[in-house]
Amino acid sequence: MSIPPYPNPHGKLLRKTAIVTGGSKGIGRAIVQKFISEGAQVLIFDIEKPSGLDLPEGSVAVFEGDVTKEEDWKAALEMCVREFGKCDILVNNAGVVHIAAPSTEVPKAEYDRIMKTNITPLYHSARTLLPHFRSQGAGAIINISSISAPRPRPNLVWYAGSKGAVSSITRGLAAEFAPYNVRVNAVLPVVAETGMVASVLGGEDSVEGRERLRGQIPLGRLGRPGDVANAVAWLAGEESSFVTGTEVRVDGGRSLL
Ligand SMILES: NC(=O)c1ccc[n+]([C@@H]2O[C@H](COP(=O)([O-])OP(=O)(O)OC[C@H]3O[C@@H](n4cnc5c(N)ncnc54)[C@H](O)[C@@H]3O)[C@@H](O)[C@H]2O)c1
């Protein structure tokens, strides 16, 4: 994606500032690029530093931290305010999946890792960011759930369960914080071209495996990180100012079958 010079004067997120968790790779990285192309300034909050991100000066800051730790959330918000003056948007994108396997064979340590990484950050981020959004009278949160939340499948049950919690928490917080003009929405991707494909295929990426996945998606291809980023940018911007508590399915029609 080519990035116009910052700030993009016609961007839909001009003068907005955002924290994007898991912004170093995959879908999160595409969200960071999209936000910046729309004029936003972004703090990447990731356990790993991004590599090879060539973005306009002043448009991005990096906080190396762990979304499962409350103190890291406090430090991330402090850094965002220090660098950009405020925070308008939070994207809870960082997440992990277990290797697809029969549900009774997923080790307890994997189950714990999934629940801790996919659900607990919503709690920490709510306690850290919602008071900030409430005091400024506006805010937008976009949680990355999964199409497996409304439509769980064999062998990814614990992952789907964690994303079911993400979807429920999204609707609950939307109801609770609407009076403060804070919107909370979710995006539900189908399997997308990131490092997660191998896990979804049981641990090994393969041409045949991808063909099988493709065959299950009516629009005939896997998702792309940019597909998800486009939906997130819409939910973050003014065009969706009357939308809260909703889930946007970016799934190529997968949930129709
Ligand atoms: N790729 C898919 O097929 C797919 C489908 C549906 C939903 N999703 C969801 O989309 C989101 C992004 O997935 P992806 O495929 O881009 O994953 P990815 O593995 O490519 O990237 C995840 C990023 O999150 C970061 N991260 C992981 N744990 C962290 C932690 N504890 N603290 C801070 N950062 C952490 C990683 O360092 C990485 O940069 C996840 O929530 C995932 O569940 C992905």
# chains A, B, ... in the order shown; residues from 1 in each chain; ligands from 1
>>> closest_atom_pairs(of="chain A", to="ligand 1", cutoff="8 Å", atoms="only C-alpha atoms and all ligand atoms", output="Markdown table")
| residue | atom | partner | partner_atom_place_in_ligand_line | distance |
| --- | --- | --- | --- | --- |
| A:Thr21 | CA | ligand 1 | 34 (N) | 5.9 |
| A:Gly22 | CA | ligand 1 | 24 (O) | 3.3 |
| A:Gly23 | CA | ligand 1 | 39 (O) | 5.7 |
| A:Ser24 | CA | ligand 1 | 39 (O) | 4.3 |
| A:Lys25 | CA | ligand 1 | 39 (O) | 4.1 |
| A:Gly26 | CA | ligand 1 | 16 (O) | 3.5 |
| A:Ile27 | CA | ligand 1 | 16 (O) | 3.7 |
| A:Gly28 | CA | ligand 1 | 16 (O) | 5.5 |
| A:Arg29 | CA | ligand 1 | 16 (O) | 7.5 |
| A:Phe45 | CA | ligand 1 | 33 (C) | 6.2 |
| A:Asp46 | CA | ligand 1 | 34 (N) | 3.7 |
| A:Ile47 | CA | ligand 1 | 33 (C) | 4.1 |
| A:Glu48 | CA | ligand 1 | 37 (O) | 4.9 |
| A:Lys49 | CA | ligand 1 | 37 (O) | 7.8 |
| A:Pro50 | CA | ligand 1 | 39 (O) | 7.4 |
| A:Glu64 | CA | ligand 1 | 33 (C) | 7.6 |
| A:Gly65 | CA | ligand 1 | 33 (C) | 5.8 |
| A:Asp66 | CA | ligand 1 | 32 (N) | 3.5 |
| A:Val67 | CA | ligand 1 | 32 (N) | 4.0 |
| A:Thr68 | CA | ligand 1 | 31 (N) | 5.5 |
| A:Asn92 | CA | ligand 1 | 41 (O) | 7.4 |
| A:Asn93 | CA | ligand 1 | 41 (O) | 4.7 |
| A:Ala94 | CA | ligand 1 | 24 (O) | 3.9 |
| A:Gly95 | CA | ligand 1 | 41 (O) | 3.5 |
| A:Val96 | CA | ligand 1 | 43 (O) | 5.3 |
| A:Val97 | CA | ligand 1 | 43 (O) | 6.2 |
| A:Thr117 | CA | ligand 1 | 31 (N) | 5.6 |
| A:Asn118 | CA | ligand 1 | 41 (O) | 6.7 |
| A:Ile144 | CA | ligand 1 | 41 (O) | 5.2 |
| A:Ser145 | CA | ligand 1 | 7 (C) | 5.7 |
| A:Ser146 | CA | ligand 1 | 7 (C) | 4.2 |
| A:Ile147 | CA | ligand 1 | 6 (C) | 6.3 |
| A:Ser148 | CA | ligand 1 | 6 (C) | 7.4 |
| A:Tyr159 | CA | ligand 1 | 43 (O) | 7.9 |
| A:Lys163 | CA | ligand 1 | 43 (O) | 7.5 |
| A:Leu188 | CA | ligand 1 | 6 (C) | 6.3 |
| A:Pro189 | CA | ligand 1 | 6 (C) | 4.3 |
| A:Val190 | CA | ligand 1 | 5 (C) | 4.8 |
| A:Val191 | CA | ligand 1 | 3 (O) | 3.2 |
| A:Ala192 | CA | ligand 1 | 3 (O) | 3.8 |
| A:Glu193 | CA | ligand 1 | 1 (N) | 6.0 |
| A:Thr194 | CA | ligand 1 | 15 (O) | 4.7 |
| A:Gly195 | CA | ligand 1 | 20 (O) | 4.7 |
| A:Met196 | CA | ligand 1 | 1 (N) | 4.9 |
| A:Val197 | CA | ligand 1 | 3 (O) | 5.8 |
| A:Val200 | CA | ligand 1 | 3 (O) | 7.5 |
| A:Gly223 | CA | ligand 1 | 3 (O) | 7.4 |
| A:Pro225 | CA | ligand 1 | 16 (O) | 7.1 |
>>> write_last_selection(atoms="N, CA and C atoms", output="compact mmCIF listing (two decimals), in the first residue's frame")
# COMPACT_ATOMS: atom_id res chain seq x y z
N THR A 21 -3.30 -2.39 18.99
CA THR A 21 -2.51 -3.48 19.59
C THR A 21 -2.21 -4.53 18.51
N GLY A 22 -1.07 -5.17 18.67
CA GLY A 22 -0.65 -6.15 17.66
C GLY A 22 -0.42 -5.50 16.31
N GLY A 23 0.02 -4.24 16.32
CA GLY A 23 0.16 -3.48 15.07
C GLY A 23 1.44 -3.76 14.30
N SER A 24 2.28 -4.65 14.82
CA SER A 24 3.56 -4.89 14.13
C SER A 24 3.44 -5.84 12.95
N LYS A 25 2.42 -6.69 12.98
CA LYS A 25 2.33 -7.75 11.96
C LYS A 25 0.89 -7.92 11.49
N GLY A 26 0.74 -8.65 10.40
CA GLY A 26 -0.57 -9.17 9.98
C GLY A 26 -1.65 -8.11 9.84
N ILE A 27 -2.80 -8.42 10.40
CA ILE A 27 -3.96 -7.53 10.28
C ILE A 27 -3.70 -6.19 10.97
N GLY A 28 -3.05 -6.25 12.15
CA GLY A 28 -2.78 -5.01 12.88
C GLY A 28 -1.91 -4.06 12.08
N ARG A 29 -0.94 -4.60 11.40
CA ARG A 29 -0.04 -3.78 10.58
C ARG A 29 -0.83 -3.09 9.45
N PHE A 45 1.06 -0.82 19.79
CA PHE A 45 1.29 -1.44 21.10
C PHE A 45 1.42 -2.94 20.85
N ASP A 46 2.68 -3.40 20.84
CA ASP A 46 2.94 -4.80 20.45
C ASP A 46 4.09 -5.32 21.28
N ILE A 47 4.08 -6.61 21.50
CA ILE A 47 5.15 -7.26 22.25
C ILE A 47 6.44 -7.33 21.43
N GLU A 48 6.29 -7.21 20.10
CA GLU A 48 7.45 -7.21 19.19
C GLU A 48 7.48 -5.91 18.42
N LYS A 49 8.68 -5.40 18.19
CA LYS A 49 8.80 -4.17 17.39
C LYS A 49 8.48 -4.47 15.93
N PRO A 50 7.87 -3.53 15.20
CA PRO A 50 7.64 -3.79 13.77
C PRO A 50 8.94 -3.70 13.00
N GLU A 64 6.58 -0.95 23.06
CA GLU A 64 6.84 -2.39 23.14
C GLU A 64 6.31 -2.90 24.47
N GLY A 65 5.19 -3.61 24.46
CA GLY A 65 4.61 -4.05 25.71
C GLY A 65 3.65 -5.20 25.49
N ASP A 66 3.12 -5.69 26.62
CA ASP A 66 2.31 -6.91 26.62
C ASP A 66 0.87 -6.53 26.97
N VAL A 67 -0.07 -6.83 26.08
CA VAL A 67 -1.46 -6.42 26.30
C VAL A 67 -2.14 -7.16 27.46
N THR A 68 -1.48 -8.20 27.98
CA THR A 68 -2.09 -8.92 29.10
C THR A 68 -1.73 -8.26 30.44
N ASN A 92 -8.39 -3.11 19.60
CA ASN A 92 -7.93 -4.31 20.30
C ASN A 92 -7.79 -5.42 19.26
N ASN A 93 -6.59 -5.49 18.68
CA ASN A 93 -6.38 -6.45 17.59
C ASN A 93 -5.48 -7.62 17.99
N ALA A 94 -4.52 -7.40 18.91
CA ALA A 94 -3.58 -8.47 19.26
C ALA A 94 -4.36 -9.71 19.69
N GLY A 95 -3.99 -10.84 19.17
CA GLY A 95 -4.69 -12.07 19.53
C GLY A 95 -3.89 -13.26 19.09
N VAL A 96 -4.22 -14.41 19.65
CA VAL A 96 -3.50 -15.65 19.30
C VAL A 96 -4.50 -16.77 19.07
N VAL A 97 -4.06 -17.77 18.32
CA VAL A 97 -4.90 -18.93 18.03
C VAL A 97 -4.12 -20.18 18.42
N THR A 117 -4.73 -14.00 26.38
CA THR A 117 -4.32 -13.02 25.36
C THR A 117 -5.53 -12.44 24.62
N ASN A 118 -6.57 -13.23 24.46
CA ASN A 118 -7.70 -12.75 23.65
C ASN A 118 -8.77 -12.03 24.46
N ILE A 144 -11.18 -6.80 17.47
CA ILE A 144 -11.11 -7.79 16.40
C ILE A 144 -11.52 -9.14 16.99
N SER A 145 -12.72 -9.56 16.61
CA SER A 145 -13.23 -10.86 17.03
C SER A 145 -12.91 -11.86 15.92
N SER A 146 -13.83 -12.71 15.56
CA SER A 146 -13.60 -13.68 14.48
C SER A 146 -14.95 -14.23 14.04
N ILE A 147 -15.02 -14.65 12.80
CA ILE A 147 -16.27 -15.24 12.31
C ILE A 147 -16.53 -16.57 13.03
N SER A 148 -15.48 -17.09 13.69
CA SER A 148 -15.69 -18.31 14.47
C SER A 148 -16.50 -18.05 15.74
N TYR A 159 -10.48 -21.31 20.78
CA TYR A 159 -10.27 -20.00 20.13
C TYR A 159 -11.62 -19.34 19.87
N LYS A 163 -13.26 -15.72 21.29
CA LYS A 163 -13.77 -14.65 20.43
C LYS A 163 -15.27 -14.41 20.68
N LEU A 188 -15.34 -9.05 12.43
CA LEU A 188 -15.23 -10.52 12.46
C LEU A 188 -14.61 -11.01 11.16
N PRO A 189 -13.28 -11.19 11.14
CA PRO A 189 -12.66 -11.68 9.91
C PRO A 189 -12.83 -13.19 9.76
N VAL A 190 -12.83 -13.63 8.50
CA VAL A 190 -12.65 -15.05 8.19
C VAL A 190 -11.14 -15.26 8.08
N VAL A 191 -10.71 -16.49 7.88
CA VAL A 191 -9.27 -16.75 7.79
C VAL A 191 -8.62 -15.81 6.76
N ALA A 192 -7.58 -15.11 7.23
CA ALA A 192 -6.93 -14.09 6.40
C ALA A 192 -5.46 -14.41 6.26
N GLU A 193 -4.87 -13.88 5.20
CA GLU A 193 -3.47 -14.16 4.84
C GLU A 193 -2.49 -13.59 5.85
N THR A 194 -2.29 -14.26 6.97
CA THR A 194 -1.29 -13.86 7.96
C THR A 194 -0.62 -15.14 8.47
N GLY A 195 0.24 -14.97 9.48
CA GLY A 195 0.90 -16.12 10.09
C GLY A 195 -0.09 -17.11 10.69
N MET A 196 -1.35 -16.71 10.86
CA MET A 196 -2.33 -17.60 11.49
C MET A 196 -2.81 -18.73 10.59
N VAL A 197 -2.61 -18.61 9.28
CA VAL A 197 -3.14 -19.62 8.35
C VAL A 197 -2.62 -21.02 8.72
N VAL A 200 -4.49 -22.51 11.65
CA VAL A 200 -5.85 -22.90 11.27
C VAL A 200 -5.82 -24.22 10.50
N GLY A 223 -9.34 -14.07 3.19
CA GLY A 223 -9.34 -12.64 3.50
C GLY A 223 -7.94 -12.06 3.34
N PRO A 225 -5.45 -8.84 4.99
CA PRO A 225 -5.41 -7.90 6.11
C PRO A 225 -6.07 -6.56 5.75
>>> select_by_dssp(residues="segment 33-228 of chain A", states="alpha helix (DSSP H)", output="ChimeraX atom specification")
/A:33-37,70-84,108-118,120-136,157-177,196-200,207-215,225-228
>>> write_last_selection(atoms="C-alpha atoms", output="JSON list (two decimals), in the first residue's frame")
[["chain", "number", "residue", "atom", "x", "y", "z"],
["A", 33, "GLN", "CA", -1.08, 1.59, 7.43],
["A", 34, "LYS", "CA", -4.73, 2.30, 6.62],
["A", 35, "PHE", "CA", -5.16, 4.66, 9.57],
["A", 36, "ILE", "CA", -2.05, 6.61, 8.60],
["A", 37, "SER", "CA", -3.17, 6.79, 4.98],
["A", 70, "GLU", "CA", -2.41, -3.69, 33.13],
["A", 71, "GLU", "CA", 0.70, -1.58, 33.82],
["A", 72, "ASP", "CA", 1.61, -1.77, 30.13],
["A", 73, "TRP", "CA", -1.81, -0.38, 29.20],
["A", 74, "LYS", "CA", -1.25, 2.60, 31.51],
["A", 75, "ALA", "CA", 2.19, 3.20, 29.99],
["A", 76, "ALA", "CA", 0.81, 2.88, 26.43],
["A", 77, "LEU", "CA", -1.90, 5.50, 27.05],
["A", 78, "GLU", "CA", 0.65, 7.81, 28.71],
["A", 79, "MET", "CA", 2.93, 7.48, 25.69],
["A", 80, "CYS", "CA", 0.08, 8.12, 23.24],
["A", 81, "VAL", "CA", -0.93, 11.30, 25.11],
["A", 82, "ARG", "CA", 2.71, 12.40, 25.39],
["A", 83, "GLU", "CA", 3.42, 11.83, 21.68],
["A", 84, "PHE", "CA", 0.11, 12.90, 20.12],
["A", 108, "LYS", "CA", -4.25, -26.59, 29.25],
["A", 109, "ALA", "CA", -1.31, -24.20, 28.77],
["A", 110, "GLU", "CA", -2.57, -23.41, 25.27],
["A", 111, "TYR", "CA", -6.12, -22.92, 26.54],
["A", 112, "ASP", "CA", -4.80, -20.50, 29.20],
["A", 113, "ARG", "CA", -2.70, -18.59, 26.66],
["A", 114, "ILE", "CA", -5.71, -18.15, 24.35],
["A", 115, "MET", "CA", -8.03, -16.90, 27.08],
["A", 116, "LYS", "CA", -5.41, -14.64, 28.62],
["A", 117, "THR", "CA", -4.32, -13.02, 25.36],
["A", 118, "ASN", "CA", -7.70, -12.75, 23.65],
["A", 120, "THR", "CA", -8.04, -10.16, 29.44],
["A", 121, "PRO", "CA", -6.75, -7.16, 27.41],
["A", 122, "LEU", "CA", -10.35, -6.05, 26.91],
["A", 123, "TYR", "CA", -10.66, -5.73, 30.68],
["A", 124, "HIS", "CA", -7.38, -3.84, 31.08],
["A", 125, "SER", "CA", -8.08, -1.60, 28.11],
["A", 126, "ALA", "CA", -11.58, -0.78, 29.37],
["A", 127, "ARG", "CA", -10.22, 0.25, 32.77],
["A", 128, "THR", "CA", -7.45, 2.32, 31.20],
["A", 129, "LEU", "CA", -9.05, 3.89, 28.13],
["A", 130, "LEU", "CA", -12.73, 4.30, 29.03],
["A", 131, "PRO", "CA", -12.12, 6.94, 31.73],
["A", 132, "HIS", "CA", -9.98, 8.83, 29.17],
["A", 133, "PHE", "CA", -12.68, 8.61, 26.48],
["A", 134, "ARG", "CA", -15.40, 9.54, 28.97],
["A", 135, "SER", "CA", -13.54, 12.63, 30.13],
["A", 136, "GLN", "CA", -13.03, 13.85, 26.55],
["A", 157, "VAL", "CA", -13.39, -24.44, 19.71],
["A", 158, "TRP", "CA", -11.34, -22.77, 22.48],
["A", 159, "TYR", "CA", -10.27, -20.00, 20.13],
["A", 160, "ALA", "CA", -13.88, -19.53, 19.00],
["A", 161, "GLY", "CA", -14.98, -19.40, 22.64],
["A", 162, "SER", "CA", -12.48, -16.65, 23.40],
["A", 163, "LYS", "CA", -13.77, -14.65, 20.43],
["A", 164, "GLY", "CA", -17.37, -15.26, 21.56],
["A", 165, "ALA", "CA", -16.38, -13.45, 24.76],
["A", 166, "VAL", "CA", -14.90, -10.61, 22.70],
["A", 167, "SER", "CA", -18.21, -10.25, 20.85],
["A", 168, "SER", "CA", -20.32, -10.26, 24.06],
["A", 169, "ILE", "CA", -18.02, -7.81, 25.82],
["A", 170, "THR", "CA", -18.19, -5.52, 22.78],
["A", 171, "ARG", "CA", -21.99, -5.34, 22.96],
["A", 172, "GLY", "CA", -22.03, -4.93, 26.74],
["A", 173, "LEU", "CA", -19.52, -2.07, 26.77],
["A", 174, "ALA", "CA", -21.35, -0.44, 23.84],
["A", 175, "ALA", "CA", -24.56, -0.37, 25.87],
["A", 176, "GLU", "CA", -22.84, 0.88, 29.00],
["A", 177, "PHE", "CA", -20.77, 3.65, 27.41],
["A", 196, "MET", "CA", -2.33, -17.60, 11.49],
["A", 197, "VAL", "CA", -3.14, -19.62, 8.35],
["A", 198, "ALA", "CA", -0.74, -22.41, 9.35],
["A", 199, "SER", "CA", -2.38, -22.79, 12.81],
["A", 200, "VAL", "CA", -5.85, -22.90, 11.27],
["A", 207, "VAL", "CA", -1.42, -25.34, -1.15],
["A", 208, "GLU", "CA", -4.07, -28.06, -0.67],
["A", 209, "GLY", "CA", -5.06, -26.67, 2.73],
["A", 210, "ARG", "CA", -5.48, -23.18, 1.34],
["A", 211, "GLU", "CA", -7.54, -24.56, -1.57],
["A", 212, "ARG", "CA", -9.83, -26.25, 0.93],
["A", 213, "LEU", "CA", -10.26, -23.01, 2.90],
["A", 214, "ARG", "CA", -10.85, -21.04, -0.30],
["A", 215, "GLY", "CA", -13.56, -23.51, -1.32],
["A", 225, "PRO", "CA", -5.41, -7.90, 6.11],
["A", 226, "GLY", "CA", -6.48, -4.84, 4.09],
["A", 227, "ASP", "CA", -10.09, -6.10, 3.93],
["A", 228, "VAL", "CA", -10.22, -6.01, 7.72]]
>>> atom_distance(atom1="atom CA of Ile19 of chain A", atom2="atom CA of Val91 of chain A")
6.2 Å
>>> residues_around(residues="Leu235 of chain A", least_positions_apart="6", cutoff="12 Å", atoms="only C-alpha atoms", output="list of chain:residue names")
A:Lys12, A:Leu13, A:Ile31, A:Phe35, A:Ile89, A:Leu90, A:Val91, A:Gly139, A:Ala140, A:Ile141, A:Ile142, A:Asn143, A:Ile144, A:Val182, A:Arg183, A:Val184, A:Asn185, A:Ala186, A:Val187, A:Val228, A:Ala229, A:Ser241, A:Phe242, A:Val243, A:Thr244, A:Gly245, A:Thr246, A:Glu247, A:Val248
>>> atom_distance(atom1="atom CA of Val62 of chain A", atom2="atom CA of Cys87 of chain A")
14.3 Å
>>> closest_residue(among="A:Ile119, A:Ala101, A:Glu57, A:Leu43", to="Lys69 of chain A", atoms="only C-alpha atoms")
A:Ile119
>>> residues_around(residues="Arg254 of chain A", least_positions_apart="5", cutoff="7 Å", atoms="only C-alpha atoms", output="PDB file with all heavy atoms, in the first residue's frame")
ATOM      1  N   GLN A 216     -14.404 -22.918   0.882  1.00  0.00           N
ATOM      2  CA  GLN A 216     -15.458 -22.709   1.882  1.00  0.00           C
ATOM      3  C   GLN A 216     -15.918 -21.249   1.929  1.00  0.00           C
ATOM      4  O   GLN A 216     -16.764 -20.885   2.746  1.00  0.00           O
ATOM      5  CB  GLN A 216     -14.933 -23.103   3.279  1.00  0.00           C
ATOM      6  CG  GLN A 216     -14.576 -24.578   3.392  1.00  0.00           C
ATOM      7  CD  GLN A 216     -13.756 -24.876   4.643  1.00  0.00           C
ATOM      8  OE1 GLN A 216     -13.244 -23.989   5.308  1.00  0.00           O
ATOM      9  NE2 GLN A 216     -13.628 -26.160   4.958  1.00  0.00           N
ATOM     10  N   ILE A 217     -15.333 -20.411   1.074  1.00  0.00           N
ATOM     11  CA  ILE A 217     -15.645 -18.969   1.131  1.00  0.00           C
ATOM     12  C   ILE A 217     -16.331 -18.563  -0.170  1.00  0.00           C
ATOM     13  O   ILE A 217     -15.713 -18.618  -1.245  1.00  0.00           O
ATOM     14  CB  ILE A 217     -14.350 -18.151   1.372  1.00  0.00           C
ATOM     15  CG1 ILE A 217     -13.730 -18.577   2.717  1.00  0.00           C
ATOM     16  CG2 ILE A 217     -14.641 -16.650   1.352  1.00  0.00           C
ATOM     17  CD1 ILE A 217     -12.381 -17.972   3.024  1.00  0.00           C
ATOM     18  N   PRO A 218     -17.621 -18.190  -0.121  1.00  0.00           N
ATOM     19  CA  PRO A 218     -18.364 -17.902  -1.356  1.00  0.00           C
ATOM     20  C   PRO A 218     -17.670 -16.911  -2.297  1.00  0.00           C
ATOM     21  O   PRO A 218     -17.734 -17.088  -3.511  1.00  0.00           O
ATOM     22  CB  PRO A 218     -19.692 -17.354  -0.823  1.00  0.00           C
ATOM     23  CG  PRO A 218     -19.886 -18.074   0.475  1.00  0.00           C
ATOM     24  CD  PRO A 218     -18.510 -18.172   1.064  1.00  0.00           C
TER      25      PRO A 218
END
>>> select_by_dssp(residues="segment 31-206 of chain A", states="strand (DSSP E)", output="list in words")
Gln41, Val42, Leu43, Ile44, Phe45, Asp46, Val60, Ala61, Val62, Phe63, Glu64, Ile89, Leu90, Val91, Asn92, Gly139, Ala140, Ile141, Ile142, Asn143, Ile144, Val182, Arg183, Val184, Asn185, Ala186, Val187, Leu188 and Pro189 of chain A
>>> write_last_selection(atoms="C-alpha atoms", output="PDB file, in the first residue's frame")
ATOM      1  CA  GLN A  41      -1.392   9.235  14.109  1.00  0.00           C
ATOM      2  CA  VAL A  42      -0.946   5.761  15.562  1.00  0.00           C
ATOM      3  CA  LEU A  43       0.722   4.192  18.574  1.00  0.00           C
ATOM      4  CA  ILE A  44       1.588   0.564  17.866  1.00  0.00           C
ATOM      5  CA  PHE A  45       1.285  -1.442  21.105  1.00  0.00           C
ATOM      6  CA  ASP A  46       2.940  -4.796  20.449  1.00  0.00           C
ATOM      7  CA  VAL A  60       3.668   6.511  14.219  1.00  0.00           C
ATOM      8  CA  ALA A  61       5.102   5.670  17.640  1.00  0.00           C
ATOM      9  CA  VAL A  62       5.889   2.238  19.028  1.00  0.00           C
ATOM     10  CA  PHE A  63       5.244   0.993  22.548  1.00  0.00           C
ATOM     11  CA  GLU A  64       6.839  -2.389  23.139  1.00  0.00           C
ATOM     12  CA  ILE A  89      -9.457   5.371  18.963  1.00  0.00           C
ATOM     13  CA  LEU A  90      -8.456   1.988  20.362  1.00  0.00           C
ATOM     14  CA  VAL A  91      -8.171  -1.131  18.222  1.00  0.00           C
ATOM     15  CA  ASN A  92      -7.931  -4.310  20.302  1.00  0.00           C
ATOM     16  CA  GLY A 139     -14.037   7.637  21.783  1.00  0.00           C
ATOM     17  CA  ALA A 140     -14.204   4.632  19.504  1.00  0.00           C
ATOM     18  CA  ILE A 141     -13.161   1.082  20.307  1.00  0.00           C
ATOM     19  CA  ILE A 142     -12.934  -1.610  17.652  1.00  0.00           C
ATOM     20  CA  ASN A 143     -12.349  -5.163  18.842  1.00  0.00           C
ATOM     21  CA  ILE A 144     -11.113  -7.792  16.400  1.00  0.00           C
ATOM     22  CA  VAL A 182     -18.100   6.165  23.321  1.00  0.00           C
ATOM     23  CA  ARG A 183     -18.777   3.643  20.542  1.00  0.00           C
ATOM     24  CA  VAL A 184     -17.687   0.013  20.779  1.00  0.00           C
ATOM     25  CA  ASN A 185     -17.874  -2.271  17.737  1.00  0.00           C
ATOM     26  CA  ALA A 186     -16.288  -5.478  16.510  1.00  0.00           C
ATOM     27  CA  VAL A 187     -14.965  -6.783  13.202  1.00  0.00           C
ATOM     28  CA  LEU A 188     -15.231 -10.515  12.464  1.00  0.00           C
ATOM     29  CA  PRO A 189     -12.656 -11.682   9.908  1.00  0.00           C
TER      30      PRO A 189
END
>>> closest_residue(among="A:Ser51, A:Thr104, A:Asn181, A:Thr17", to="Lys86 of chain A", atoms="only C-alpha atoms")
A:Thr17
>>> atom_distance(atom1="atom CA of Arg249 of chain A", atom2="atom CA of Arg151 of chain A")
11.2 Å
>>> closest_residue(among="A:Val106, A:Ala100, A:Ala40, A:Val32", to="Arg15 of chain A", atoms="only C-alpha atoms")
A:Ala40
>>> residues_around(residues="Gly39 of chain A", least_positions_apart="5", cutoff="8 Å", atoms="only C-alpha atoms", output="JSON, numbers by chain")
{"A": [6, 7, 8, 9, 10, 11, 12, 13, 14, 15, 16]}
>>> write_last_selection(atoms="N, CA and C atoms", output="PDB file, in the first residue's frame")
ATOM      1  N   TYR A   6       2.150  12.518   5.184  1.00  0.00           N
ATOM      2  CA  TYR A   6       1.387  12.864   6.377  1.00  0.00           C
ATOM      3  C   TYR A   6       1.411  14.371   6.576  1.00  0.00           C
ATOM      4  N   PRO A   7       0.364  15.078   7.021  1.00  0.00           N
ATOM      5  CA  PRO A   7      -0.958  14.493   7.170  1.00  0.00           C
ATOM      6  C   PRO A   7      -1.729  14.529   5.856  1.00  0.00           C
ATOM      7  N   ASN A   8      -2.496  13.474   5.600  1.00  0.00           N
ATOM      8  CA  ASN A   8      -3.336  13.433   4.407  1.00  0.00           C
ATOM      9  C   ASN A   8      -4.513  14.384   4.643  1.00  0.00           C
ATOM     10  N   PRO A   9      -4.573  15.512   3.925  1.00  0.00           N
ATOM     11  CA  PRO A   9      -5.587  16.525   4.236  1.00  0.00           C
ATOM     12  C   PRO A   9      -7.009  16.058   3.933  1.00  0.00           C
ATOM     13  N   HIS A  10      -7.133  14.992   3.150  1.00  0.00           N
ATOM     14  CA  HIS A  10      -8.476  14.504   2.813  1.00  0.00           C
ATOM     15  C   HIS A  10      -8.825  13.226   3.562  1.00  0.00           C
ATOM     16  N   GLY A  11      -7.968  12.828   4.492  1.00  0.00           N
ATOM     17  CA  GLY A  11      -8.173  11.557   5.189  1.00  0.00           C
ATOM     18  C   GLY A  11      -9.415  11.566   6.067  1.00  0.00           C
ATOM     19  N   LYS A  12     -10.006  10.390   6.184  1.00  0.00           N
ATOM     20  CA  LYS A  12     -11.218  10.261   7.008  1.00  0.00           C
ATOM     21  C   LYS A  12     -10.893  10.226   8.490  1.00  0.00           C
ATOM     22  N   LEU A  13      -9.609  10.092   8.826  1.00  0.00           N
ATOM     23  CA  LEU A  13      -9.227  10.052  10.240  1.00  0.00           C
ATOM     24  C   LEU A  13      -8.267  11.205  10.562  1.00  0.00           C
ATOM     25  N   LEU A  14      -8.393  12.279   9.806  1.00  0.00           N
ATOM     26  CA  LEU A  14      -7.505  13.428   9.994  1.00  0.00           C
ATOM     27  C   LEU A  14      -7.612  13.948  11.426  1.00  0.00           C
ATOM     28  N   ARG A  15      -6.464  14.196  12.034  1.00  0.00           N
ATOM     29  CA  ARG A  15      -6.353  14.691  13.421  1.00  0.00           C
ATOM     30  C   ARG A  15      -6.821  13.691  14.474  1.00  0.00           C
ATOM     31  N   LYS A  16      -7.081  12.448  14.086  1.00  0.00           N
ATOM     32  CA  LYS A  16      -7.422  11.424  15.068  1.00  0.00           C
ATOM     33  C   LYS A  16      -6.143  10.706  15.502  1.00  0.00           C
TER      34      LYS A  16
END
